[in-house]
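*Asks:* A single structure is presented below for examination.
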Amino acid sequence: MLRVRCLRGGSRGAEAAHYIGSRLGRVFTGWVQRSFQSTQAATASQNTCAADDNKAASPVPKDCPVCSYNEWDPLEEVIVGRAENACVPPFSVEVKANTYEKNWRFYQKFGGQSFPKDHLKKAIAEIEEMCNILKREGVIVKRPDSIDWSVKYKTPDFESTGMYAAMPRDILLVVGNEIIEAPMAWRARFFEYRAYRRIIKDYFNCGAKWTTAPKPTMADELYDQDYPIRSVEDRHKLAAQGKFVTTEFEPCFDAADFIRAGRDIFVQRSQVTNYMGIEWMRRHLAPDYRVHIISFKDPNPMHIDATFNIIGPGLVLSNPDRPCHQIELFKKAGWTVIRPPVPLIPDDHPLWMSSKWLSMNVLMLDEKRVMVDANETSIQKMFENLGISTIKVNIRHANSLGGGFHCWTCDIRRRGTLKSYFD
């Protein structure tokens with residue numbers, strides 16, 4: 001069995017340091033981190049951090065359709081998103097901070113309107129074919145409802161139009177037999193949950209747990225209004241200090257910033273997930289699950305699965321352009337860390353909401369089958385060398401909307417049991 005000592009204590013100590021630092025402000029951040037480092041060594045020599053395997057998580061009801069503990073057990077049922085009616089989000093402060101400067105003019109021109117119709121039509125066709133292939137592989141596929149995302153809405157704190165229901169991984173996190181609805185951090189995604197409510201109610205009626213995290217007001221105080229005007233170099237420095245466009249005004253998180261490995265769940269503090277949101281998840285899932293903060297050399301972190309994608313027990317893809325600061329924890333636990341090859345997607349292909357590294361945003365159907373982009377021959381070869389057969393699907397136009405196979409799906413049921421991979 002893979003083993004690591006003091007991962008839990010070290011991770012939670014890091015959480016505390018980061019969180020306290022963010023609350024006290026930039027002046028005290030360095031002091032908090034130094035204090036954590038000085039106490040960590042003393043604590044590590046006294047504590048062992050093995051999980052209590054005798055403490056079982058709540059049993060999953062018999063015949064419950066929702067049950068998933070990791071990213072690689074045999075996939076039996078999945079939600080696949082929809083590109084229908086997808087709209088460009090208004091160019092608000094949090095959108096500007098999460099997108100590349102070369103695309104800002106696109107958002108300024110088309111915010112609140114449909115994505116380019118011809119491109120959208122091709123994306124819809126690609127996802128339909130992806131669903132057909134999943135079904136042929138024996139997977140049950142569910143789809144969210146079609147909604148008019150161009151409708152303007154207003155709360156006491158802001159007004160916006162919607163975006164889409166393309167990426168269920170962003171808003172839904174399945175832990176055991178529980179579906180957790182993420183609160184989100186973009187104003188354009190405030191009401192995105194509505195597209196999934198019919199499906200979730202069906203799962204609830206069949207025995208699943210259903211939790212909605214506290215919905216943020218998304219008032220101006222949640223965002224650093226000056227953040228977007230800073231350079232990429234400044235963003236690197238700010239990220240290293242734990243400073244992002246989202247503040248600690250109230251909890252917020254996207255589900256896609258979490259990735260599961262049995263009892264251990266890893267998360268990054270990002271532009272859309274703050275420490276308050278992470279702390280809410282930690283308390284909610286304790287004591288059966290352990291939430292660990294990991295971080296990366298990334299000037300614009302948003303969603304973990306194109307940076308750090310766990311593809312099997314003891315096997316993780318780690319983006320070479322965004323190295324993980326805590327990677328030694330995985331290596332010491334006996335995990336194999338794989339650097340995926342450079343993506344092959346052309347420079348002129350539009351990626352309005354993501355990077356080329358969607359090539360590593362793959363969906364494991366089980367430990368020996370992976371859904372991968374048909375155009376990415378380099379990563380196909382990498383998987384084949386690992387003894388993993390590739391199911392090739394072309395979703396280039398769907399990529400442009402901001403996600404790969406992992407993003408476009410939320411696995412509802414995988415055939416497996418809760419295990420600990422870090423004791």
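Ligands are numbered from 1 in the order shown, residues from 1 within each chain, and chains are lettered A, B, ... in the order they appear in the structure tokens.
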Extract the full set of strand (DSSP E or B) residues from stretch 275-385 of chain A according to DSSP on the backbone, and format it as a list in words.
*Replies:*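 Filtering stretch 275-385 of chain A down to strand (DSSP E or B) leaves Arg290, Val291, His292, Ile293, Phe296, Phe308, Asn309, Ile310, Ile311, Gly312, Leu315, Val316, Leu317, Ser318, Cys324, Thr336, Val337, Ile338, Leu363, Met364, Leu365, Asp366, Arg369, Val370, Met371, Val372 and Asp373 of chain A.
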*Asks:* Can you check which residues of stretch 121-249 of chain A DSSP gives as alpha helix (DSSP H) on the backbone and send them as a ChimeraX atom specification?
*Replies:* /A:121-136,168-171,197-205,232-240
*Asks:* Can you write out the residues you just picked, keeping N, CA, C and O atoms, as a short mmCIF file (atom, residue, chain, number, x, y, z; two decimals), in the first residue's frame?
*Replies:*
```cif
data_model
loop_
_atom_site.label_atom_id
_atom_site.label_comp_id
_atom_site.auth_asym_id
_atom_site.auth_seq_id
_atom_site.Cartn_x
_atom_site.Cartn_y
_atom_site.Cartn_z
N LYS A 121 -21.89 25.15 -33.08
CA LYS A 121 -22.53 24.02 -33.74
C LYS A 121 -21.59 22.82 -33.81
O LYS A 121 -21.98 21.67 -33.57
N LYS A 122 -20.33 23.08 -34.14
CA LYS A 122 -19.34 22.01 -34.21
C LYS A 122 -19.05 21.42 -32.83
O LYS A 122 -18.89 20.21 -32.68
N ALA A 123 -19.01 22.28 -31.80
CA ALA A 123 -18.78 21.79 -30.43
C ALA A 123 -19.92 20.89 -29.98
O ALA A 123 -19.69 19.84 -29.36
N ILE A 124 -21.14 21.28 -30.30
CA ILE A 124 -22.31 20.47 -29.93
C ILE A 124 -22.22 19.09 -30.57
O ILE A 124 -22.47 18.07 -29.93
N ALA A 125 -21.85 19.06 -31.86
CA ALA A 125 -21.74 17.78 -32.57
C ALA A 125 -20.64 16.90 -31.97
O ALA A 125 -20.80 15.68 -31.85
N GLU A 126 -19.54 17.52 -31.57
CA GLU A 126 -18.44 16.75 -30.96
C GLU A 126 -18.88 16.11 -29.65
O GLU A 126 -18.56 14.94 -29.38
N ILE A 127 -19.59 16.87 -28.83
CA ILE A 127 -20.02 16.33 -27.54
C ILE A 127 -21.09 15.25 -27.71
O ILE A 127 -21.12 14.27 -26.95
N GLU A 128 -21.94 15.38 -28.71
CA GLU A 128 -22.90 14.32 -28.99
C GLU A 128 -22.17 13.02 -29.35
O GLU A 128 -22.55 11.93 -28.90
N GLU A 129 -21.14 13.13 -30.17
CA GLU A 129 -20.36 11.95 -30.54
C GLU A 129 -19.64 11.37 -29.32
O GLU A 129 -19.56 10.15 -29.14
N MET A 130 -19.14 12.23 -28.47
CA MET A 130 -18.51 11.78 -27.23
C MET A 130 -19.49 10.98 -26.38
O MET A 130 -19.16 9.92 -25.83
N CYS A 131 -20.73 11.46 -26.28
CA CYS A 131 -21.76 10.74 -25.52
C CYS A 131 -22.04 9.38 -26.14
O CYS A 131 -22.19 8.38 -25.42
N ASN A 132 -22.11 9.34 -27.46
CA ASN A 132 -22.35 8.06 -28.15
C ASN A 132 -21.23 7.06 -27.87
O ASN A 132 -21.48 5.87 -27.65
N ILE A 133 -20.01 7.54 -27.86
CA ILE A 133 -18.87 6.66 -27.60
C ILE A 133 -18.90 6.16 -26.16
O ILE A 133 -18.64 4.98 -25.89
N LEU A 134 -19.22 7.04 -25.22
CA LEU A 134 -19.34 6.61 -23.82
C LEU A 134 -20.40 5.52 -23.67
O LEU A 134 -20.19 4.52 -22.97
N LYS A 135 -21.53 5.70 -24.33
CA LYS A 135 -22.59 4.70 -24.27
C LYS A 135 -22.11 3.37 -24.84
O LYS A 135 -22.41 2.30 -24.29
N ARG A 136 -21.35 3.41 -25.94
CA ARG A 136 -20.84 2.18 -26.54
C ARG A 136 -19.84 1.49 -25.62
O ARG A 136 -19.63 0.28 -25.70
N PRO A 168 -19.95 20.24 -16.16
CA PRO A 168 -20.49 19.80 -14.86
C PRO A 168 -19.41 19.59 -13.80
O PRO A 168 -19.69 19.69 -12.61
N ARG A 169 -18.17 19.33 -14.23
CA ARG A 169 -17.08 19.15 -13.26
C ARG A 169 -16.85 20.42 -12.47
O ARG A 169 -16.38 20.38 -11.32
N ASP A 170 -17.17 21.58 -13.07
CA ASP A 170 -16.95 22.86 -12.39
C ASP A 170 -17.88 23.07 -11.22
O ASP A 170 -17.53 23.72 -10.24
N ILE A 171 -19.09 22.53 -11.32
CA ILE A 171 -20.13 22.87 -10.35
C ILE A 171 -20.53 21.70 -9.46
O ILE A 171 -21.10 21.90 -8.39
N ARG A 197 -30.63 20.67 -11.74
CA ARG A 197 -31.51 20.36 -10.63
C ARG A 197 -32.42 19.16 -10.91
O ARG A 197 -32.70 18.36 -10.02
N ARG A 198 -32.92 19.03 -12.13
CA ARG A 198 -33.78 17.88 -12.45
C ARG A 198 -33.03 16.57 -12.21
O ARG A 198 -33.55 15.64 -11.58
N ILE A 199 -31.79 16.49 -12.68
CA ILE A 199 -31.00 15.27 -12.52
C ILE A 199 -30.71 15.02 -11.04
O ILE A 199 -30.85 13.89 -10.55
N ILE A 200 -30.30 16.07 -10.32
CA ILE A 200 -29.93 15.89 -8.92
C ILE A 200 -31.14 15.46 -8.09
O ILE A 200 -31.01 14.62 -7.19
N LYS A 201 -32.30 16.02 -8.38
CA LYS A 201 -33.50 15.61 -7.65
C LYS A 201 -33.80 14.13 -7.88
O LYS A 201 -34.20 13.42 -6.95
N ASP A 202 -33.58 13.66 -9.11
CA ASP A 202 -33.78 12.23 -9.38
C ASP A 202 -32.82 11.38 -8.56
O ASP A 202 -33.22 10.36 -7.98
N TYR A 203 -31.56 11.79 -8.50
CA TYR A 203 -30.58 11.05 -7.70
C TYR A 203 -30.95 11.08 -6.22
O TYR A 203 -30.83 10.08 -5.51
N PHE A 204 -31.39 12.25 -5.76
CA PHE A 204 -31.79 12.37 -4.36
C PHE A 204 -32.96 11.43 -4.04
O PHE A 204 -32.97 10.76 -3.00
N ASN A 205 -33.93 11.37 -4.93
CA ASN A 205 -35.08 10.50 -4.71
C ASN A 205 -34.72 9.02 -4.72
O ASN A 205 -35.47 8.18 -4.22
N VAL A 232 1.49 39.69 -15.94
CA VAL A 232 1.66 38.28 -15.63
C VAL A 232 2.77 38.09 -14.59
O VAL A 232 2.65 37.26 -13.69
N GLU A 233 3.81 38.87 -14.70
CA GLU A 233 4.91 38.78 -13.73
C GLU A 233 4.41 39.12 -12.33
O GLU A 233 4.76 38.45 -11.35
N ASP A 234 3.59 40.16 -12.24
CA ASP A 234 3.02 40.52 -10.95
C ASP A 234 2.10 39.43 -10.43
O ASP A 234 2.03 39.16 -9.23
N ARG A 235 1.36 38.78 -11.35
CA ARG A 235 0.47 37.70 -10.95
C ARG A 235 1.25 36.54 -10.34
O ARG A 235 0.79 35.92 -9.38
N HIS A 236 2.41 36.23 -10.91
CA HIS A 236 3.26 35.19 -10.34
C HIS A 236 3.61 35.53 -8.89
O HIS A 236 3.52 34.68 -7.99
N LYS A 237 4.01 36.77 -8.65
CA LYS A 237 4.37 37.20 -7.31
C LYS A 237 3.17 37.15 -6.37
O LYS A 237 3.28 36.70 -5.22
N LEU A 238 2.04 37.61 -6.86
CA LEU A 238 0.84 37.62 -6.03
C LEU A 238 0.39 36.20 -5.68
O LEU A 238 0.00 35.93 -4.54
N ALA A 239 0.45 35.29 -6.66
CA ALA A 239 0.05 33.91 -6.40
C ALA A 239 0.96 33.28 -5.35
O ALA A 239 0.50 32.53 -4.48
N ALA A 240 2.25 33.60 -5.40
CA ALA A 240 3.19 33.07 -4.41
C ALA A 240 2.87 33.59 -3.02
O ALA A 240 3.15 32.93 -2.01
#
```
*Asks:* Just want the 10 Å neighbourhood of A:Pro156, counted on only C-alpha atoms, with same-chain residues fewer than 3 positions away dropped. Output as a PyMOL selection string.
*Replies:* chain A and resi 159+217-219
*Asks:* For those residues, write all heavy atoms to a file as a compact mmCIF listing (two decimals), in the first residue's frame.
*Replies:*
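result-v5.txt written:
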```txt
# COMPACT_ATOMS: atom_id res chain seq x y z
N GLU A 159 -25.64 42.51 -11.46
CA GLU A 159 -26.47 41.99 -12.53
C GLU A 159 -25.57 41.36 -13.58
O GLU A 159 -24.41 41.75 -13.75
CB GLU A 159 -27.36 43.06 -13.13
CG GLU A 159 -26.64 44.21 -13.81
CD GLU A 159 -27.63 45.21 -14.39
OE1 GLU A 159 -28.55 45.63 -13.66
OE2 GLU A 159 -27.47 45.57 -15.58
N THR A 217 -22.76 36.02 -1.98
CA THR A 217 -23.51 37.15 -2.54
C THR A 217 -22.86 37.64 -3.83
O THR A 217 -23.53 38.25 -4.66
CB THR A 217 -23.55 38.31 -1.54
OG1 THR A 217 -22.21 38.79 -1.31
CG2 THR A 217 -24.20 37.89 -0.23
N MET A 218 -21.56 37.39 -3.99
CA MET A 218 -20.78 37.90 -5.12
C MET A 218 -20.82 39.41 -5.19
O MET A 218 -20.83 40.02 -6.27
CB MET A 218 -21.20 37.26 -6.44
CG MET A 218 -20.98 35.76 -6.49
SD MET A 218 -21.30 35.08 -8.13
CE MET A 218 -21.10 33.30 -7.82
N ALA A 219 -20.85 40.01 -4.01
CA ALA A 219 -20.78 41.47 -3.92
C ALA A 219 -19.39 41.93 -4.32
O ALA A 219 -18.44 41.14 -4.43
CB ALA A 219 -21.11 41.93 -2.50
```
*Asks:* For A:Asp73, which residue out of A:Leu418, A:Val141, A:Ala208, A:Val337 is the nearest one, using only C-alpha atoms?
*Replies:*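 Of all the options, A:Leu418 lies closest to A:Asp73.
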*Asks:* What's the 7 Å shell around A:Glu181, counting only C-alpha atoms, without same-chain residues fewer than 6 positions away, as a list in words?
*Replies:* Ile171, Leu172, Leu173, Thr211, Thr212 and Ala213 of chain A
*Asks:* With all heavy atoms retained, write the just-selected residues as an mmCIF file, in the first residue's frame.
*Replies:*
```cif
data_model
loop_
_atom_site.group_PDB
_atom_site.id
_atom_site.type_symbol
_atom_site.label_atom_id
_atom_site.label_comp_id
_atom_site.auth_asym_id
_atom_site.auth_seq_id
_atom_site.Cartn_x
_atom_site.Cartn_y
_atom_site.Cartn_z
ATOM 1 N N ILE A 171 -19.089 22.525 -11.323
ATOM 2 C CA ILE A 171 -20.129 22.871 -10.350
ATOM 3 C C ILE A 171 -20.531 21.705 -9.459
ATOM 4 O O ILE A 171 -21.096 21.904 -8.388
ATOM 5 C CB ILE A 171 -21.369 23.438 -11.080
ATOM 6 C CG1 ILE A 171 -22.368 24.037 -10.097
ATOM 7 C CG2 ILE A 171 -22.016 22.399 -11.993
ATOM 8 C CD1 ILE A 171 -23.471 24.839 -10.748
ATOM 9 N N LEU A 172 -20.233 20.462 -9.842
ATOM 10 C CA LEU A 172 -20.650 19.295 -9.068
ATOM 11 C C LEU A 172 -19.447 18.471 -8.640
ATOM 12 O O LEU A 172 -18.562 18.167 -9.448
ATOM 13 C CB LEU A 172 -21.598 18.409 -9.891
ATOM 14 C CG LEU A 172 -22.882 19.061 -10.409
ATOM 15 C CD1 LEU A 172 -23.657 18.069 -11.265
ATOM 16 C CD2 LEU A 172 -23.734 19.573 -9.260
ATOM 17 N N LEU A 173 -19.424 18.094 -7.363
ATOM 18 C CA LEU A 173 -18.393 17.207 -6.832
ATOM 19 C C LEU A 173 -19.081 16.036 -6.155
ATOM 20 O O LEU A 173 -19.892 16.225 -5.251
ATOM 21 C CB LEU A 173 -17.497 17.944 -5.828
ATOM 22 C CG LEU A 173 -16.375 17.108 -5.197
ATOM 23 C CD1 LEU A 173 -15.344 16.714 -6.242
ATOM 24 C CD2 LEU A 173 -15.697 17.889 -4.060
ATOM 25 N N THR A 211 -26.029 18.124 -1.190
ATOM 26 C CA THR A 211 -25.596 19.265 -0.387
ATOM 27 C C THR A 211 -25.313 20.448 -1.302
ATOM 28 O O THR A 211 -24.660 20.293 -2.337
ATOM 29 C CB THR A 211 -24.321 18.934 0.398
ATOM 30 O OG1 THR A 211 -24.560 17.816 1.248
ATOM 31 C CG2 THR A 211 -23.883 20.117 1.244
ATOM 32 N N THR A 212 -25.810 21.619 -0.924
ATOM 33 C CA THR A 212 -25.438 22.845 -1.624
ATOM 34 C C THR A 212 -24.605 23.690 -0.670
ATOM 35 O O THR A 212 -25.033 23.987 0.435
ATOM 36 C CB THR A 212 -26.670 23.629 -2.090
ATOM 37 O OG1 THR A 212 -27.460 23.984 -0.960
ATOM 38 C CG2 THR A 212 -27.517 22.803 -3.042
ATOM 39 N N ALA A 213 -23.423 24.050 -1.107
ATOM 40 C CA ALA A 213 -22.560 24.896 -0.291
ATOM 41 C C ALA A 213 -23.154 26.297 -0.188
ATOM 42 O O ALA A 213 -23.977 26.692 -1.028
ATOM 43 C CB ALA A 213 -21.166 24.960 -0.910
#
```
*Asks:* Between A:Asp305, A:Asp298, A:Glu137, A:Asp373, single out the one closest to A:Asp321, counting only C-alpha atoms.
*Replies:*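 Among A:Asp305, A:Asp298, A:Glu137, A:Asp373, it is A:Asp298 that comes nearest to A:Asp321.
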*Asks:* Which residue out of A:Val175, A:Val93, A:Val372, A:Cys407 has the minimum interatomic distance to A:Lys209 when only C-alpha atoms are used?
*Replies:* A:Val175
*Asks:* Please provide as a PyMOL selection string all residues within 9 Å of stretch 376-391 of chain A, with the sequence filter that same-chain residues fewer than 6 positions apart are discarded (counting only C-alpha atoms).
*Replies:* chain A and resi 133+340-345+359-360+367-370
*Asks:* Would you put the residues from that selection into a file with N, CA and C atoms, as a compact mmCIF listing (two decimals), in the first residue's frame?
*Replies:*
```txt
# COMPACT_ATOMS: atom_id res chain seq x y z
N ILE A 133 -20.01 7.54 -27.86
CA ILE A 133 -18.87 6.66 -27.60
C ILE A 133 -18.90 6.16 -26.16
N PRO A 340 3.35 14.96 -18.62
CA PRO A 340 2.77 14.75 -19.95
C PRO A 340 3.51 15.54 -21.01
N PRO A 341 3.45 15.09 -22.26
CA PRO A 341 4.16 15.79 -23.35
C PRO A 341 3.52 17.12 -23.69
N VAL A 342 4.28 17.95 -24.39
CA VAL A 342 3.79 19.26 -24.80
C VAL A 342 2.57 19.08 -25.71
N PRO A 343 1.49 19.82 -25.48
CA PRO A 343 0.28 19.69 -26.31
C PRO A 343 0.56 20.01 -27.77
N LEU A 344 -0.22 19.41 -28.66
CA LEU A 344 -0.04 19.59 -30.09
C LEU A 344 -1.05 20.55 -30.71
N ILE A 345 -1.97 21.07 -29.93
CA ILE A 345 -3.00 21.95 -30.46
C ILE A 345 -2.36 23.19 -31.10
N SER A 359 -4.95 19.02 -23.10
CA SER A 359 -4.53 17.70 -23.59
C SER A 359 -4.41 16.69 -22.45
N MET A 360 -4.08 17.14 -21.23
CA MET A 360 -3.95 16.23 -20.09
C MET A 360 -5.24 16.17 -19.27
N GLU A 367 -8.85 1.89 -14.84
CA GLU A 367 -7.39 2.01 -14.74
C GLU A 367 -6.68 1.73 -16.05
N LYS A 368 -7.34 1.05 -16.99
CA LYS A 368 -6.70 0.64 -18.23
C LYS A 368 -7.34 1.24 -19.48
N ARG A 369 -8.28 2.18 -19.32
CA ARG A 369 -8.91 2.85 -20.45
C ARG A 369 -9.01 4.34 -20.17
N VAL A 370 -8.65 5.14 -21.17
CA VAL A 370 -8.70 6.58 -21.00
C VAL A 370 -9.29 7.22 -22.25
```
*Asks:* Which residues are near stretch 268-276 of chain A? Cut-off 7 Å, only C-alpha atoms, ignore same chain within fewer than 3 positions. Put them as a CSV table (one decimal) with N, CA and C atoms, in the first residue's frame.
*Replies:*
```csv
chain,number,residue,atom,x,y,z
A,19,TYR,N,-4.5,30.6,5.4
A,19,TYR,CA,-5.7,31.2,5.7
A,19,TYR,C,-5.5,32.4,6.7
A,98,ASN,N,-9.2,36.0,-15.0
A,98,ASN,CA,-9.1,34.6,-15.3
A,98,ASN,C,-8.9,34.3,-16.8
A,185,ALA,N,-17.8,31.2,-8.4
A,185,ALA,CA,-17.2,32.5,-8.1
A,185,ALA,C,-17.4,33.5,-9.2
A,244,PHE,N,-5.2,36.6,-4.8
A,244,PHE,CA,-5.9,36.3,-6.1
A,244,PHE,C,-7.0,37.3,-6.2
A,245,VAL,N,-7.7,37.2,-7.4
A,245,VAL,CA,-8.8,38.1,-7.6
A,245,VAL,C,-9.9,38.0,-6.6
A,246,THR,N,-10.2,36.7,-6.1
A,246,THR,CA,-11.2,36.5,-5.1
A,246,THR,C,-10.5,36.8,-3.7
A,247,THR,N,-11.3,37.5,-2.9
A,247,THR,CA,-10.8,37.8,-1.5
A,247,THR,C,-11.4,36.8,-0.6
A,248,GLU,N,-11.2,37.0,0.7
A,248,GLU,CA,-11.8,36.1,1.8
A,248,GLU,C,-13.0,36.7,2.4
A,250,GLU,N,-16.1,36.1,1.7
A,250,GLU,CA,-17.1,35.0,1.9
A,250,GLU,C,-16.6,33.8,1.2
A,251,PRO,N,-17.1,32.6,1.6
A,251,PRO,CA,-16.6,31.4,1.0
A,251,PRO,C,-17.1,31.3,-0.5
A,252,CYS,N,-16.1,30.9,-1.3
A,252,CYS,CA,-16.5,30.5,-2.7
A,252,CYS,C,-15.5,29.4,-3.2
A,253,PHE,N,-16.0,28.6,-4.1
A,253,PHE,CA,-15.2,27.6,-4.7
A,253,PHE,C,-15.9,27.0,-5.9
A,254,ASP,N,-15.1,26.6,-6.9
A,254,ASP,CA,-15.5,25.8,-8.0
A,254,ASP,C,-15.1,24.3,-7.7
A,257,ASP,N,-11.7,22.6,-8.7
A,257,ASP,CA,-10.4,22.9,-8.0
A,257,ASP,C,-10.1,21.7,-7.0
A,279,GLU,N,-12.0,25.7,3.6
A,279,GLU,CA,-12.2,25.4,5.0
A,279,GLU,C,-13.7,24.9,5.2
A,280,TRP,N,-14.6,25.4,4.4
A,280,TRP,CA,-16.0,24.9,4.5
A,280,TRP,C,-16.0,23.4,4.0
A,293,ILE,N,-4.4,21.1,0.9
A,293,ILE,CA,-4.1,22.2,-0.1
A,293,ILE,C,-2.7,21.9,-0.7
A,294,ILE,N,-2.7,21.9,-2.1
A,294,ILE,CA,-1.5,21.9,-2.8
A,294,ILE,C,-1.4,23.1,-3.7
A,295,SER,N,-0.2,23.5,-4.1
A,295,SER,CA,-0.1,24.7,-4.9
A,295,SER,C,0.9,24.5,-6.0
A,300,ASN,N,-2.0,32.1,-12.9
A,300,ASN,CA,-3.4,32.2,-13.1
A,300,ASN,C,-4.2,30.9,-12.8
A,301,PRO,N,-4.0,30.4,-11.6
A,301,PRO,CA,-4.7,29.1,-11.3
A,301,PRO,C,-6.2,29.2,-11.3
A,302,MET,N,-6.8,28.2,-12.0
A,302,MET,CA,-8.2,28.1,-12.1
A,302,MET,C,-8.6,26.7,-12.5
A,304,ILE,N,-8.0,22.5,-11.2
A,304,ILE,CA,-6.8,21.8,-11.0
A,304,ILE,C,-6.5,20.7,-12.0
```
*Asks:* Tell me, as a list in words, which residues lie within 6 Å of stretch 75-80 of chain A, counting only C-alpha atoms; anything in the same chain fewer than 5 positions away does not count.
*Replies:*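 The neighbour list is Val139, Ile140, Val141, Lys142, Arg143, Leu365, Trp408, Thr409, Cys410, Asp411, Ile412, Arg413 and Arg414 of chain A.
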*Asks:* Limited to C-alpha atoms, could you put the picked residues into a file as a compact mmCIF listing (two decimals), in the first residue's frame?
*Replies:*
```txt
# COMPACT_ATOMS: atom_id res chain seq x y z
CA VAL A 139 -21.48 4.04 -19.56
CA ILE A 140 -24.89 5.54 -18.71
CA VAL A 141 -24.97 9.18 -19.83
CA LYS A 142 -27.15 11.93 -18.33
CA ARG A 143 -27.42 15.50 -19.69
CA LEU A 365 -13.00 4.97 -17.82
CA TRP A 408 -17.10 18.17 -19.72
CA THR A 409 -18.09 15.32 -17.38
CA CYS A 410 -18.95 14.58 -13.78
CA ASP A 411 -18.69 10.91 -12.88
CA ILE A 412 -21.73 9.88 -10.87
CA ARG A 413 -20.98 6.21 -10.29
CA ARG A 414 -17.74 4.28 -10.36
```
